[in-house]
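One structure is given below, encoded as structure tokens.
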Amino acid sequence: MQLSSLQLSQVDAQIKRLTAAENYYGNVYRELGITGVDSQEAFEALPFSSKEDLRNAYPLGIQAVPDEEVVRIHSSSGTTGKPVIIPYTAKDVDDWAVMFARCYETAGITKKDRIQITPGYGLWTAGIGFQNGCEKLGAMAIPMGPGNTDKQIQMMMDLKSTVITATSSYALLLAEEITKRGLKDQIYLKKGVIGSERWSEKMRCSIREKLGIELYDIYGLTEIYGPGIGINCSKQSGMHYWDDYIYIEIIDPSTGRPVPDGEEGEIVITTLVKEGAPLIRFRTHDISRIIPGECPCGSKYPRLDMIKGRSDDMFKVHGVNMFPSQVEELLALVDGVSSEYNINIAHDEENNRDVILVTAEAEGRVNFERTALKIRELFKSRIGVTPKITIVPVGTLPRSEKKTKRVIDHREQ
């Protein structure tokens with residue numbers, strides 16, 4: 001997807017703002033002799049920005065406005081080592097709220113809805129983003145934050161919440177608890193807006209069936225405002241993203257070259273009007289594709305396909321590259337197996353070889369031994385590794401109020 005003339009002028013203005021500022025990217029551009037862009041080719045010749053840059057610029061090296069214009073900071077939730085800190089101006093906060101309200105509207109949520117917000121508050125962008133968007137829309141915000149499942153369910157019933165916002169892990173936990181307690185007929189939920197982690201189709205179906213609601217995937221990352229820069233519509237044919245605020249290109253992660261629309265690769269985002277910390281060609285490591293053509297819903301906003309995974313989620317065992325998404329697709333083929341699993345990888349020093357252990361949940365009606373054998377055979381035939389498989393009853397693996405860590409690589413410890 002090519003930059004429009006307006007988007008090109010907005011990127012040019014961002015570069016001029018950065019080079020005029022005494023900040024990290026201003027210095028980078030000045031050293032490279034970059035003063036602006038006037039064509040798609042010039043844009044694609046610009047260097048990428050990365051999370052590593054943001055760590056190097058810690059704490060406020062990427063700030064592009066004077067201190068008196070910064071009204072808030074946020075920090076990325078998943079960062080290890082030095083945190084990533086993003087400053088926001090009042091306009092940035094309002095722009096984000098506008099985008100988030102647009103997400104709610106795209107999901108068919110109105111002022112009459114009551115939105116229960118379970119993601120975390122604080123430096124993380126989640127809870128406050130869901131709340132700001134809710135208030136911009138004019139709906140009732142119920143800012144619960146994470147945890148205290150008993151109180152979550154009680155408030156859900158007493159306040160007659162119609163929308164739940166959550167990570168997919170916590171949505172599953174709530175759905176299972178409501179089912180276990182036989183409370184489905186006492187809740188009023190109609191829709192769920194789920195974000196912050198990729199989730200399998202099996203998990204999606206489980207949450208949808210247990211709660212009897214429509215589900216919507218919301219997209220975003222702290223470096224680029226936060227959640228709310230895109231969401232899927234009722235036609236479930238990809239996520240619309242707001243190209244009046246961000247420009248998205250898809251690149252081949254190994255070569256860095258843009259790929260044609262429809263082809264899968266890494267999402268790279270440029271902020272068109274962000275003030276506090278503009279980012280140009282930021283590599284997200286999220287894997288998806290731009291869906292060509294217009295959506296059946298009639299929206300003119302472009303679409304991303306669902307996030308398949310992250311290029312840095314890949315793990316290697318016995319020389320074979322694997323992604324969590326492959327494991328989820330494989331488990332979905334096995335009758336009675338739930339969406340919950342984890343993978344432990346370790347190195348057997350005595351035999352000098354890597355060992356992979358997959359633990360998966362299965363319903364009590366299936367034979368655990370035969371189920372384990374089936375999963376093992378699928379791993380061997382489809383992925384090319386032969387793990388040890390442990391099957392446990394549904395509900396055994398821990399549920400998370402935040403993001404669930406699926407792969408634990410003990411070789412790194």
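We name chains A, B, ... following the order of the structure tokens; residues begin at 1 in each chain, and ligands are numbered from 1 as shown.
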
Within 9 Å of Ser9 (chain A), counting only C-alpha atoms, which residues qualify if same-chain residues fewer than 5 places away don't, as an mmCIF file with N, CA, C and O atoms, in the first residue's frame?
```cif
data_model
loop_
_atom_site.group_PDB
_atom_site.id
_atom_site.type_symbol
_atom_site.label_atom_id
_atom_site.label_comp_id
_atom_site.auth_asym_id
_atom_site.auth_seq_id
_atom_site.Cartn_x
_atom_site.Cartn_y
_atom_site.Cartn_z
ATOM 1 N N SER A 4 -0.330 7.972 0.569
ATOM 2 C CA SER A 4 -1.067 9.000 -0.167
ATOM 3 C C SER A 4 -0.254 10.295 -0.116
ATOM 4 O O SER A 4 0.703 10.410 0.664
ATOM 5 N N GLN A 14 6.884 15.197 10.027
ATOM 6 C CA GLN A 14 7.403 14.521 11.216
ATOM 7 C C GLN A 14 8.932 14.513 11.214
ATOM 8 O O GLN A 14 9.569 14.752 12.246
ATOM 9 N N VAL A 37 11.153 13.741 3.180
ATOM 10 C CA VAL A 37 10.860 12.778 2.119
ATOM 11 C C VAL A 37 9.914 13.413 1.116
ATOM 12 O O VAL A 37 9.051 14.215 1.481
ATOM 13 N N ASP A 38 10.078 13.038 -0.157
ATOM 14 C CA ASP A 38 9.195 13.581 -1.188
ATOM 15 C C ASP A 38 8.655 12.513 -2.125
ATOM 16 O O ASP A 38 8.034 12.815 -3.143
#
```

Enumerate, in order of chain and increasing residue number, the residues of region 111-217 of chain A with an atom no farther than 12 Å from region 96-106 of chain A, each with its shortest atom pair and distance in Å to one decimal, counting only C-alpha atoms, as CSV.
```
residue,atom,partner,partner_atom,distance
A:Lys111,CA,A:Glu105,CA,9.4
A:Lys112,CA,A:Glu105,CA,11.7
A:Asp113,CA,A:Tyr104,CA,10.1
A:Arg114,CA,A:Tyr104,CA,11.7
A:Ile115,CA,A:Tyr104,CA,10.0
A:Thr125,CA,A:Trp96,CA,10.5
A:Ala126,CA,A:Phe100,CA,11.1
A:Gly127,CA,A:Phe100,CA,11.8
A:Ile128,CA,A:Ala97,CA,9.7
A:Gly129,CA,A:Ala97,CA,7.0
A:Phe130,CA,A:Phe100,CA,7.1
A:Gln131,CA,A:Ala97,CA,8.6
A:Asn132,CA,A:Ala97,CA,5.3
A:Gly133,CA,A:Ala97,CA,4.5
A:Cys134,CA,A:Ala101,CA,6.2
A:Glu135,CA,A:Ala101,CA,8.1
A:Lys136,CA,A:Ala101,CA,6.0
A:Leu137,CA,A:Ala101,CA,5.1
A:Gly138,CA,A:Ala101,CA,8.8
A:Ala139,CA,A:Ala101,CA,9.6
A:Val163,CA,A:Tyr104,CA,9.9
A:Ile164,CA,A:Tyr104,CA,11.6
A:Thr165,CA,A:Tyr104,CA,10.6
A:Lys191,CA,A:Tyr104,CA,10.2
A:Gly192,CA,A:Tyr104,CA,10.3
A:Val193,CA,A:Tyr104,CA,8.3
A:Ile194,CA,A:Tyr104,CA,11.5
A:Gly195,CA,A:Cys103,CA,11.9
A:Leu215,CA,A:Tyr104,CA,11.8
A:Tyr216,CA,A:Cys103,CA,9.4
A:Asp217,CA,A:Cys103,CA,9.7
```

| request: Report as an NGL selection string: the residues of region 4-122 of chain A with a DSSP assignment of strand (DSSP E), based on the backbone of this structure. | output: :A and (70-75 or 85-89 or 114-117)

Generate the output file for the selected residues, C-alpha atoms, as a PDB file, in the first residue's frame.
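Saved file again.pdb follows:
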```pdb
ATOM      1  CA  VAL A  70       4.145  16.248  27.988  1.00  0.00           C
ATOM      2  CA  VAL A  71       1.065  15.307  30.033  1.00  0.00           C
ATOM      3  CA  ARG A  72       1.657  11.571  30.500  1.00  0.00           C
ATOM      4  CA  ILE A  73       4.133   8.739  30.060  1.00  0.00           C
ATOM      5  CA  HIS A  74       3.503   5.057  29.453  1.00  0.00           C
ATOM      6  CA  SER A  75       5.827   2.076  29.411  1.00  0.00           C
ATOM      7  CA  ILE A  85       9.140   4.911  28.004  1.00  0.00           C
ATOM      8  CA  ILE A  86       6.805   6.813  25.685  1.00  0.00           C
ATOM      9  CA  PRO A  87       5.799  10.468  26.365  1.00  0.00           C
ATOM     10  CA  TYR A  88       2.355  11.737  25.274  1.00  0.00           C
ATOM     11  CA  THR A  89       1.103  15.270  24.676  1.00  0.00           C
ATOM     12  CA  ARG A 114     -21.751  -0.606  29.964  1.00  0.00           C
ATOM     13  CA  ILE A 115     -18.110  -1.508  29.436  1.00  0.00           C
ATOM     14  CA  GLN A 116     -16.314  -3.549  32.113  1.00  0.00           C
ATOM     15  CA  ILE A 117     -12.580  -2.875  31.832  1.00  0.00           C
TER      16      ILE A 117
END
```

| task | Excluding Ile287 (chain A) and residues on its chain fewer than 4 positions from it, collect all residues at most 6 Å away from it, counting only C-alpha atoms, and give them as a ChimeraX atom specification. | result | /A:265-266,307-310

| query | A:Asp150, A:Asp243, A:Asp95, A:Glu44: which is nearest Leu173 (chain A), counting only C-alpha atoms? | reply | A:Asp150
